[in-house]
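Down below is the structure, laid out as structure tokens.
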Amino acid sequence: MNTKPRVKICCIRDIEEAQMAIRHGASAVGLVSKMPSGPGVIEEEVIVEIAASVPPGVATFLLTSRQDAPSIIAQQRRTGVNTIQLVDSVSVETYEELRRSLPGVGIVQVIHILGNESIQEAKTVAPFVNAVLLDSGNPMLAIKELGGTGRTHDWNISHRIREEVNVPVFLAGGLKPENVADAIKQVRPYGLDACSGVRTNGKLDEGKLEKFFLQVATTSV
């Protein structure tokens with residue numbers, strides 16, 4: 001059965017962008033809280049407004065760089081999102097506490113693809129989360145890159161992770177209308193995550209969004 005990947009549009013800035021993304025077919029929107037670097041950061045008050053405006057059936061992902069359970073839990077409760085996207089590594093104890101304290105809230109762990117070692121990292125965290133999201137940041141830098149780089153990574157590694165973990169895999173990192181068909185064919189992910197590739201001067205671009213979704217809809221694997 002040829003199922004099309006779900007699409008998450010990230011770095012949503014306001015209710016209008018969220019509505020535009022959903023109108024074109026997004027099944028999830030990404031809302032970026034405070035980060036050490038990267039685009040799309042908005043205040044928590046705005047995240048609350050956007051999350052409350054999103055219709056049932058569409059996932060609201062809170063991107064958080066926090067690594068301790070109490071502050072992540074408090075952030076989710078303040079914002080009312082239904083999914084937490086952990087953009088940095090956390091301990092097993094943190095996963096367990098999030099599960100206990102946030103029943104029904106999805107937990108998605110970002111794996112930044114730096115090399116073959118990322119395959120084992122994904123396999124290690126997969127049992128504790130609802131999905132993994134493969135991105136092109138670098139948490140090893142002095143100022144961490146935790147997403148929104150606009151760079152692609154080695155999709156061969158992403159393909160191997162998709163084959164070796166038993167949770168859904170989202171593919172992120174430099175996806176745009178011009179390369180998303182190749183990404184789907186090579187990785188065959190459960191979901192796609194786009195930010196800079198569907199924007200112009202930082203704003204969601206309806207023309208790029210339309211082309212992106214057209215490529216997703218017409219690509220066979």
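By order of appearance in the structure tokens: chains A, B, ..., then residues from 1 within every chain, and ligands from 1 in the order shown.
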
> Quick one: residues within 7 Å of range 101-112 of chain A, only C-alpha atoms counted, chain neighbours fewer than 3 positions away excluded, as number ranges by chain?
Replying inline: A: 82-88, 97-98, 118, 122, 129-138

For the residues selected in the previous step, produce a file with N, CA and C atoms as an mmCIF file, in the first residue's frame.
```
data_model
loop_
_atom_site.group_PDB
_atom_site.id
_atom_site.type_symbol
_atom_site.label_atom_id
_atom_site.label_comp_id
_atom_site.auth_asym_id
_atom_site.auth_seq_id
_atom_site.Cartn_x
_atom_site.Cartn_y
_atom_site.Cartn_z
ATOM 1 N N ASN A 82 -0.083 19.256 21.983
ATOM 2 C CA ASN A 82 -0.329 17.822 22.157
ATOM 3 C C ASN A 82 0.887 16.950 21.855
ATOM 4 N N THR A 83 2.003 17.585 21.456
ATOM 5 C CA THR A 83 3.218 16.832 21.139
ATOM 6 C C THR A 83 4.440 17.643 21.580
ATOM 7 N N ILE A 84 5.404 16.956 22.196
ATOM 8 C CA ILE A 84 6.662 17.583 22.588
ATOM 9 C C ILE A 84 7.755 17.094 21.648
ATOM 10 N N GLN A 85 8.470 18.029 21.028
ATOM 11 C CA GLN A 85 9.611 17.686 20.185
ATOM 12 C C GLN A 85 10.889 18.084 20.920
ATOM 13 N N LEU A 86 11.622 17.072 21.370
ATOM 14 C CA LEU A 86 12.858 17.283 22.119
ATOM 15 C C LEU A 86 14.005 17.452 21.126
ATOM 16 N N VAL A 87 14.561 18.656 21.041
ATOM 17 C CA VAL A 87 15.579 18.914 20.020
ATOM 18 C C VAL A 87 16.988 18.641 20.528
ATOM 19 N N ASP A 88 17.117 18.347 21.827
ATOM 20 C CA ASP A 88 18.409 17.998 22.397
ATOM 21 C C ASP A 88 18.242 16.678 23.147
ATOM 22 N N GLU A 97 9.696 10.177 33.166
ATOM 23 C CA GLU A 97 8.918 11.169 33.901
ATOM 24 C C GLU A 97 7.927 11.887 32.975
ATOM 25 N N LEU A 98 8.336 12.168 31.749
ATOM 26 C CA LEU A 98 7.413 12.779 30.785
ATOM 27 C C LEU A 98 6.226 11.863 30.524
ATOM 28 N N SER A 118 24.831 8.081 14.506
ATOM 29 C CA SER A 118 23.441 8.509 14.721
ATOM 30 C C SER A 118 22.462 7.341 14.617
ATOM 31 N N ALA A 122 19.595 6.628 17.444
ATOM 32 C CA ALA A 122 18.160 6.489 17.160
ATOM 33 C C ALA A 122 17.610 5.183 17.721
ATOM 34 N N VAL A 129 10.069 6.723 22.949
ATOM 35 C CA VAL A 129 9.365 7.840 22.310
ATOM 36 C C VAL A 129 8.327 7.341 21.321
ATOM 37 N N ASN A 130 7.476 8.267 20.880
ATOM 38 C CA ASN A 130 6.456 7.933 19.886
ATOM 39 C C ASN A 130 6.985 8.012 18.461
ATOM 40 N N ALA A 131 8.035 8.793 18.252
ATOM 41 C CA ALA A 131 8.628 8.941 16.922
ATOM 42 C C ALA A 131 10.002 9.562 17.073
ATOM 43 N N VAL A 132 10.833 9.401 16.034
ATOM 44 C CA VAL A 132 12.092 10.132 15.959
ATOM 45 C C VAL A 132 12.047 11.046 14.740
ATOM 46 N N LEU A 133 12.739 12.160 14.851
ATOM 47 C CA LEU A 133 12.789 13.145 13.773
ATOM 48 C C LEU A 133 14.251 13.374 13.437
ATOM 49 N N LEU A 134 14.611 13.137 12.194
ATOM 50 C CA LEU A 134 16.002 13.178 11.756
ATOM 51 C C LEU A 134 16.298 14.534 11.132
ATOM 52 N N ASP A 135 17.221 15.268 11.750
ATOM 53 C CA ASP A 135 17.480 16.650 11.347
ATOM 54 C C ASP A 135 18.968 16.849 11.105
ATOM 55 N N SER A 136 19.338 18.074 10.776
ATOM 56 C CA SER A 136 20.698 18.381 10.322
ATOM 57 C C SER A 136 21.418 19.375 11.210
ATOM 58 N N GLY A 137 21.067 19.402 12.504
ATOM 59 C CA GLY A 137 21.758 20.290 13.423
ATOM 60 C C GLY A 137 23.067 19.696 13.906
ATOM 61 N N ASN A 138 23.687 20.389 14.854
ATOM 62 C CA ASN A 138 24.925 19.903 15.457
ATOM 63 C C ASN A 138 24.964 20.347 16.918
#
```

Could you list, as an mmCIF file with C-alpha atoms, in the first residue's frame, every residue within 12 Å of Ile143 in chain A, counting only C-alpha atoms and ignoring same-chain residues fewer than 6 positions away?
```cif
data_model
loop_
_atom_site.group_PDB
_atom_site.id
_atom_site.type_symbol
_atom_site.label_atom_id
_atom_site.label_comp_id
_atom_site.auth_asym_id
_atom_site.auth_seq_id
_atom_site.Cartn_x
_atom_site.Cartn_y
_atom_site.Cartn_z
ATOM 1 C CA MET A 35 16.595 28.023 21.385
ATOM 2 C CA PRO A 36 20.359 28.671 21.538
ATOM 3 C CA SER A 37 20.291 29.427 17.788
ATOM 4 C CA GLY A 38 18.164 29.097 14.671
ATOM 5 C CA GLY A 137 21.758 20.290 13.423
#
```

>> List as an NGL selection string the protein and nucleic acid residues near Gly30 in chain A, meaning an atom at most 7 Å away when only C-alpha atoms are counted, but skip any in the same chain fewer than 4 places from it.
In response: :A and (8-12 or 60-63)

> range 157-164 of chain A: which residues within 7 Å, counting only C-alpha atoms, same-chain residues fewer than 2 positions away excluded, as number ranges by chain?
Replying inline: A: 116, 119, 122, 134, 154-155, 166, 169, 186-187, 189

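Residues lying within 12 Å of Glu93 in chain A, counting only C-alpha atoms and ignoring same-chain neighbours fewer than 5 positions away, are Gln67, Asp68, Ala69, Pro70, Leu98, Arg99, Arg100, Val125 and Phe128 of chain A.
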